[in-house]
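Visitor: This is model_3.pdb, which holds PDB, C-alpha atoms and all ligand atoms:
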ATOM      1  CA  MET A  30     -63.909   0.546 -84.661
ATOM      2  CA  THR A  31     -67.560  -0.283 -84.434
ATOM      3  CA  ASP A  32     -68.931  -2.954 -82.188
ATOM      4  CA  ASN A  33     -69.770  -5.013 -85.275
ATOM      5  CA  THR A  34     -66.184  -5.344 -86.456
ATOM      6  CA  ARG A  35     -65.131  -6.280 -82.958
ATOM      7  CA  ARG A  36     -67.767  -8.979 -82.844
ATOM      8  CA  SER A  37     -66.394 -10.766 -85.881
ATOM      9  CA  LYS A  38     -62.989 -11.404 -84.345
ATOM     10  CA  THR A  39     -62.063 -14.885 -83.213
ATOM     11  CA  LEU A  40     -60.239 -15.721 -80.034
ATOM     12  CA  VAL A  41     -58.613 -19.167 -80.241
ATOM     13  CA  LEU A  42     -58.087 -21.019 -76.990
ATOM     14  CA  ASP A  43     -55.872 -24.038 -76.541
ATOM     15  CA  PHE A  44     -57.538 -26.727 -74.430
ATOM     16  CA  ASP A  45     -55.071 -28.797 -72.378
ATOM     17  CA  ASN A  46     -53.374 -26.837 -69.623
ATOM     18  CA  VAL A  47     -55.267 -23.685 -70.600
ATOM     19  CA  ILE A  48     -58.950 -24.575 -70.167
ATOM     20  CA  HIS A  49     -58.599 -28.192 -68.999
ATOM     21  CA  SER A  50     -56.392 -28.333 -65.895
ATOM     22  CA  TYR A  51     -54.569 -31.370 -67.352
ATOM     23  CA  THR A  52     -53.094 -32.501 -64.044
ATOM     24  CA  SER A  53     -53.306 -36.162 -65.176
ATOM     25  CA  GLY A  54     -51.418 -35.495 -68.414
ATOM     26  CA  TRP A  55     -52.283 -37.058 -71.757
ATOM     27  CA  GLN A  56     -54.663 -40.026 -71.456
ATOM     28  CA  GLY A  57     -56.011 -40.196 -75.014
ATOM     29  CA  VAL A  58     -57.618 -37.985 -77.624
ATOM     30  CA  ASP A  59     -61.111 -38.376 -76.153
ATOM     31  CA  VAL A  60     -60.135 -38.908 -72.508
ATOM     32  CA  ILE A  61     -60.441 -35.712 -70.447
ATOM     33  CA  PRO A  62     -60.209 -36.571 -66.787
ATOM     34  CA  ASP A  63     -59.511 -33.291 -65.013
ATOM     35  CA  PRO A  64     -61.658 -30.271 -64.100
ATOM     36  CA  PRO A  65     -61.364 -26.822 -65.698
ATOM     37  CA  HIS A  66     -58.710 -24.416 -64.572
ATOM     38  CA  LYS A  67     -60.114 -22.006 -62.013
ATOM     39  CA  GLY A  68     -61.823 -19.121 -63.775
ATOM     40  CA  ALA A  69     -61.709 -20.742 -67.232
ATOM     41  CA  PHE A  70     -65.472 -20.739 -67.860
ATOM     42  CA  ALA A  71     -65.929 -17.248 -66.427
ATOM     43  CA  PHE A  72     -63.223 -16.035 -68.820
ATOM     44  CA  ILE A  73     -64.891 -17.750 -71.782
ATOM     45  CA  GLU A  74     -68.280 -16.260 -70.879
ATOM     46  CA  ARG A  75     -66.704 -12.800 -70.746
ATOM     47  CA  ALA A  76     -64.858 -13.308 -74.027
ATOM     48  CA  MET A  77     -67.978 -14.608 -75.790
ATOM     49  CA  ALA A  78     -69.705 -11.295 -75.151
ATOM     50  CA  ASN A  79     -67.382  -9.714 -77.732
ATOM     51  CA  TYR A  80     -65.575 -12.465 -79.640
ATOM     52  CA  ASP A  81     -66.208 -15.696 -81.428
ATOM     53  CA  VAL A  82     -64.401 -18.154 -79.171
ATOM     54  CA  ALA A  83     -62.912 -21.292 -80.704
ATOM     55  CA  ILE A  84     -61.346 -24.198 -78.839
ATOM     56  CA  LEU A  85     -58.447 -25.649 -80.827
ATOM     57  CA  SER A  86     -56.353 -28.542 -79.604
ATOM     58  CA  SER A  87     -54.360 -31.510 -80.787
ATOM     59  CA  ARG A  88     -57.655 -33.276 -79.938
ATOM     60  CA  SER A  89     -59.447 -31.260 -82.624
ATOM     61  CA  GLY A  90     -58.297 -33.299 -85.624
ATOM     62  CA  VAL A  91     -60.694 -36.159 -84.927
ATOM     63  CA  GLU A  92     -64.428 -36.129 -84.329
ATOM     64  CA  ALA A  93     -64.077 -38.090 -81.072
ATOM     65  CA  GLY A  94     -61.701 -35.464 -79.693
ATOM     66  CA  ARG A  95     -63.910 -32.483 -80.563
ATOM     67  CA  PHE A  96     -66.999 -34.221 -79.234
ATOM     68  CA  ALA A  97     -65.219 -35.251 -76.015
ATOM     69  CA  MET A  98     -64.172 -31.627 -75.386
ATOM     70  CA  ALA A  99     -67.696 -30.346 -76.008
ATOM     71  CA  LYS A 100     -69.189 -32.944 -73.665
ATOM     72  CA  TRP A 101     -66.557 -32.120 -71.050
ATOM     73  CA  PHE A 102     -67.684 -28.466 -71.111
ATOM     74  CA  VAL A 103     -71.258 -29.507 -70.385
ATOM     75  CA  LYS A 104     -70.200 -31.991 -67.710
ATOM     76  CA  HIS A 105     -68.520 -29.111 -65.901
ATOM     77  CA  GLY A 106     -71.488 -26.762 -66.132
ATOM     78  CA  PHE A 107     -71.165 -24.959 -69.475
ATOM     79  CA  ARG A 108     -74.491 -24.237 -71.211
ATOM     80  CA  ALA A 109     -75.222 -27.050 -73.660
ATOM     81  CA  ASP A 110     -77.140 -24.703 -75.947
ATOM     82  CA  ALA A 111     -74.112 -22.409 -76.279
ATOM     83  CA  ILE A 112     -71.987 -25.146 -77.904
ATOM     84  CA  ASN A 113     -71.651 -25.720 -81.631
ATOM     85  CA  TRP A 114     -72.367 -29.463 -81.658
ATOM     86  CA  ARG A 115     -72.588 -29.650 -85.428
ATOM     87  CA  GLU A 116     -68.970 -28.591 -85.689
ATOM     88  CA  CYS A 117     -67.995 -31.625 -83.607
ATOM     89  CA  GLN A 118     -69.218 -33.899 -86.388
ATOM     90  CA  ASP A 119     -67.190 -34.937 -89.415
ATOM     91  CA  ALA A 120     -70.352 -35.169 -91.497
ATOM     92  CA  ALA A 121     -74.082 -35.183 -90.996
ATOM     93  CA  PRO A 122     -75.324 -38.762 -90.673
ATOM     94  CA  ASP A 123     -77.429 -40.541 -93.200
ATOM     95  CA  PRO A 124     -80.958 -39.137 -92.707
ATOM     96  CA  ALA A 125     -82.306 -42.673 -92.703
ATOM     97  CA  SER A 126     -80.140 -43.737 -89.771
ATOM     98  CA  THR A 127     -81.395 -43.641 -86.222
ATOM     99  CA  ILE A 128     -79.930 -40.649 -84.414
ATOM    100  CA  ASP A 129     -78.398 -41.325 -81.017
ATOM    101  CA  PRO A 130     -79.704 -38.448 -78.874
ATOM    102  CA  ASN A 131     -76.314 -38.248 -77.125
ATOM    103  CA  SER A 132     -74.321 -38.052 -80.348
ATOM    104  CA  ALA A 133     -73.150 -34.714 -81.734
ATOM    105  CA  GLU A 134     -76.043 -34.862 -84.222
ATOM    106  CA  GLY A 135     -78.579 -35.654 -81.516
ATOM    107  CA  LEU A 136     -77.305 -32.802 -79.356
ATOM    108  CA  ALA A 137     -77.192 -30.450 -82.346
ATOM    109  CA  ARG A 138     -80.824 -31.201 -83.092
ATOM    110  CA  ARG A 139     -81.703 -30.525 -79.479
ATOM    111  CA  PHE A 140     -79.662 -27.373 -78.964
ATOM    112  CA  ASN A 141     -78.423 -25.915 -82.267
ATOM    113  CA  ASP A 142     -81.773 -26.203 -84.040
ATOM    114  CA  LEU A 143     -83.674 -24.137 -81.513
ATOM    115  CA  PRO A 144     -85.947 -21.428 -82.929
ATOM    116  CA  GLU A 145     -83.937 -18.297 -83.676
ATOM    117  CA  ASP A 146     -85.309 -16.318 -80.741
ATOM    118  CA  MET A 147     -84.224 -19.082 -78.329
ATOM    119  CA  ARG A 148     -80.664 -19.422 -79.624
ATOM    120  CA  PRO A 149     -77.765 -17.841 -77.740
ATOM    121  CA  ALA A 150     -76.122 -14.913 -79.552
ATOM    122  CA  ARG A 151     -73.071 -17.001 -80.363
ATOM    123  CA  LEU A 152     -71.797 -20.542 -79.919
ATOM    124  CA  LEU A 153     -68.546 -21.872 -78.534
ATOM    125  CA  SER A 154     -66.926 -23.440 -81.564
ATOM    126  CA  PHE A 155     -64.771 -26.546 -82.019
ATOM    127  CA  PRO A 156     -63.072 -26.186 -85.403
ATOM    128  CA  TRP A 157     -60.669 -28.860 -86.670
ATOM    129  CA  THR A 158     -58.283 -26.390 -88.286
ATOM    130  CA  LYS A 159     -57.085 -23.014 -87.111
ATOM    131  CA  PRO A 160     -59.531 -20.260 -88.031
ATOM    132  CA  PRO A 161     -58.353 -16.733 -88.867
ATOM    133  CA  ALA A 162     -57.716 -15.513 -85.342
ATOM    134  CA  TRP A 163     -57.377 -12.179 -83.631
ATOM    135  CA  LEU A 164     -55.361 -13.875 -80.889
ATOM    136  CA  SER A 165     -54.500 -17.332 -79.606
ATOM    137  CA  LEU A 166     -54.026 -18.263 -75.984
ATOM    138  CA  ASP A 167     -51.819 -21.318 -75.537
ATOM    139  CA  ASP A 168     -49.574 -22.712 -72.810
ATOM    140  CA  ARG A 169     -46.981 -23.872 -75.351
ATOM    141  CA  ALA A 170     -46.452 -20.902 -77.627
ATOM    142  CA  MET A 171     -44.263 -17.843 -77.815
ATOM    143  CA  GLN A 172     -45.113 -14.561 -79.443
ATOM    144  CA  PHE A 173     -43.087 -14.096 -82.629
ATOM    145  CA  ASN A 174     -41.625 -10.615 -82.393
ATOM    146  CA  GLY A 175     -39.707 -10.472 -85.674
ATOM    147  CA  LYS A 176     -36.587 -12.133 -84.298
ATOM    148  CA  TRP A 177     -35.991 -15.871 -84.433
ATOM    149  CA  PRO A 178     -35.511 -17.429 -81.016
ATOM    150  CA  SER A 179     -32.390 -19.510 -80.441
ATOM    151  CA  MET A 180     -32.669 -23.283 -80.265
ATOM    152  CA  GLU A 181     -31.620 -22.951 -76.648
ATOM    153  CA  VAL A 182     -34.658 -20.805 -75.870
ATOM    154  CA  ILE A 183     -36.855 -23.351 -77.645
ATOM    155  CA  ASP A 184     -35.159 -26.342 -75.994
ATOM    156  CA  ASN A 185     -35.601 -24.832 -72.549
ATOM    157  CA  PHE A 186     -39.185 -23.656 -72.939
ATOM    158  CA  LYS A 187     -41.394 -24.514 -70.013
ATOM    159  CA  PRO A 188     -45.161 -24.010 -69.772
ATOM    160  CA  TRP A 189     -46.365 -21.703 -67.042
ATOM    161  CA  ASN A 190     -47.214 -24.427 -64.534
ATOM    162  CA  VAL A 191     -43.759 -26.008 -64.487
ATOM    163  CA  ARG A 192     -41.716 -22.844 -64.445
ATOM    164  CA  GLU A 193     -39.791 -22.379 -61.267
ATOM    165  CA  ARG A 194     -41.615 -20.042 -59.010
ATOM    166  CA  LYS A 195     -39.726 -17.048 -57.773
ATOM    167  CA  PRO A 196     -38.455 -17.804 -54.289
ATOM    168  CA  ARG A 197     -40.355 -16.009 -51.622
ATOM    169  CA  LYS A 198     -38.632 -13.132 -49.998
ATOM    170  CA  ALA A 199     -36.444 -14.657 -47.325
ATOM    171  CA  GLN A 200     -37.974 -14.228 -43.954
ATOM    172  CA  GLU A 201     -36.089 -12.395 -41.284
ATOM    173  CA  PRO A 202     -34.381 -14.978 -39.099
ATOM    174  CA  ALA A 203     -36.109 -15.390 -35.798
ATOM    175  CA  GLN A 204     -34.422 -13.482 -33.065
ATOM    176  CA  GLU A 205     -32.365 -15.718 -30.845
ATOM    177  CA  PRO A 206     -33.308 -15.223 -27.232
ATOM    178  CA  ALA A 207     -30.731 -13.035 -25.578
ATOM    179  CA  GLN A 208     -28.149 -15.059 -23.739
ATOM    180  CA  GLU A 209     -27.923 -14.466 -20.075
TER     181      GLU A 209
HETATM  182 MG    MG B 301     -51.892 -26.889 -74.129
END
Could the structure of this file be written out as structure tokens, please?
Ligand SMILES: [Mg+2]

Guide:
Amino acid sequence: MTDNTRRSKTLVLDFDNVIHSYTSGWQGVDVIPDPPHKGAFAFIERAMANYDVAILSSRSGVEAGRFAMAKWFVKHGFRADAINWRECQDAAPDPASTIDPNSAEGLARRFNDLPEDMRPARLLSFPWTKPPAWLSLDDRAMQFNGKWPSMEVIDNFKPWNVRERKPRKAQEPAQEPAQE
């Protein structure tokens, strides 16, 4: 496999409880109150060296959700010029309309329309449907292995952060002081 074929593969990342720590739970499609999970951005930076990385969420179906995720990345320190702002838009605005510099179009003009030699090698993308993917990383998914899971397995599924942790190895009981 050449480096070129590897570079065309897409890694799809779920957002809530994978990238976004999601400790406040669902607050709305464009409301993203919590910080990233530890290591999330470092992982994305590493992945983007070899893959097209796409963020796909139940937020992705509406422009406000995609745009809110993209802005959340920047708020938490992700490079604004490494984000595909145009993809956050449903459609390019009427050319005659005044462009809000903080809208997806305004940000796209600022960061996605840079001269070619100033553009990052690839952009973090925010598609609204699932792209052909090499792999998806999601907190609420199972790998299909050719056998259908039972309804019981599905009913009892728990994401990683609510699974019961393995009890710690019981500590040796403290030695009672020797009785006189
Ligand atoms: Mg999730």

Visitor: Expressed in Å to a single decimal, how great is the separation between CA of Val58 in chain A and CA of Arg169 in chain A?

Guide: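 We find that CA of Val58 in chain A and CA of Arg169 in chain A lie 17.8 Å from each other.
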
Visitor: Sorted by chain and rising residue number, which residues of chain A lie within 8 Å of ligand MG 301 (chain B), and what are their closest atom pairs and distances in Å to one decimal, counting all atoms listed in the file, as a tab-separated table?

Guide:
residue	atom	partner	partner_atom	distance
A:Asp43	CA	B:MG301	MG	5.5
A:Phe44	CA	B:MG301	MG	5.7
A:Asp45	CA	B:MG301	MG	4.1
A:Asn46	CA	B:MG301	MG	4.7
A:Val47	CA	B:MG301	MG	5.8
A:Ser86	CA	B:MG301	MG	7.3
A:Asp167	CA	B:MG301	MG	5.7
A:Asp168	CA	B:MG301	MG	5.0
A:Arg169	CA	B:MG301	MG	5.9

Visitor: Using only C-alpha atoms, please write the residues we just selected to a file, as a short mmCIF file (atom, residue, chain, number, x, y, z; two decimals), keeping the file's coordinate frame.

Guide:
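What ended up in part_6.cif:
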data_model
loop_
_atom_site.label_atom_id
_atom_site.label_comp_id
_atom_site.auth_asym_id
_atom_site.auth_seq_id
_atom_site.Cartn_x
_atom_site.Cartn_y
_atom_site.Cartn_z
CA ASP A 43 -55.87 -24.04 -76.54
CA PHE A 44 -57.54 -26.73 -74.43
CA ASP A 45 -55.07 -28.80 -72.38
CA ASN A 46 -53.37 -26.84 -69.62
CA VAL A 47 -55.27 -23.68 -70.60
CA SER A 86 -56.35 -28.54 -79.60
CA ASP A 167 -51.82 -21.32 -75.54
CA ASP A 168 -49.57 -22.71 -72.81
CA ARG A 169 -46.98 -23.87 -75.35
#

Visitor: So, counting all atoms listed in the file, which residue among A:Phe155, A:Tyr80, A:Phe140, A:Trp55 is closest to Phe96 in chain A?

Guide: A:Phe155

Visitor: Out of A:Ile128, A:Val103, A:Met147, A:Leu153, which residue has the shortest atom-to-atom distance to Ala78 in chain A when counting all atoms listed in the file?

Guide: A:Leu153

Visitor: Selection in question (the file shown): the PyMOL selection byres (((chain A and resi 104-117) around 10) and not hetatm). Which residues does it include, as a PyMOL selection string?

Guide: chain A and resi 63-65+70-71+73-74+77+83+89+91-103+118-121+132-143+147-157

Visitor: To one decimal place in Å, what is the distance between CA of Leu40 in chain A and CA of Ala162 in chain A?

Guide: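 So the two atoms, CA of Leu40 in chain A and CA of Ala162 in chain A, lie 5.9 Å apart.
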
Visitor: Kindly indicate which residue among A:Asp81, A:Val191, A:Ser37, A:Asp59 lies nearest to Ser165 in chain A, using all atoms listed in the file for the distances.

Guide: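 Residue with the minimum atom-to-atom distance to Ser165 in chain A: A:Asp81.
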
Visitor: Phe186 in chain A: which residues within 10 Å, counting all atoms listed in the file, same-chain residues fewer than 5 positions away excluded, as a VMD selection string?

Guide: chain A and resid 169 to 171 180 to 181 191 to 192

Visitor: What is the CA of Ile84 in chain A to CA of Leu42 in chain A distance in Å?

Guide: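 These two atoms are separated by 4.9 Å.
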
Visitor: Any idea what's packed within 6 Å of His66 in chain A, counting only C-alpha atoms, ignoring anything in its chain fewer than 3 positions away? Could you give it as a VMD selection string?

Guide: chain A and resid 48 to 50 69

Visitor: Given the choices A:Ala76, A:Val182, A:Val82, A:Val60, which gets closest to Lys159 in chain A if the distance is worked out from only C-alpha atoms?

Guide: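 Answer, going by the shortest atom-to-atom distance: A:Val82.
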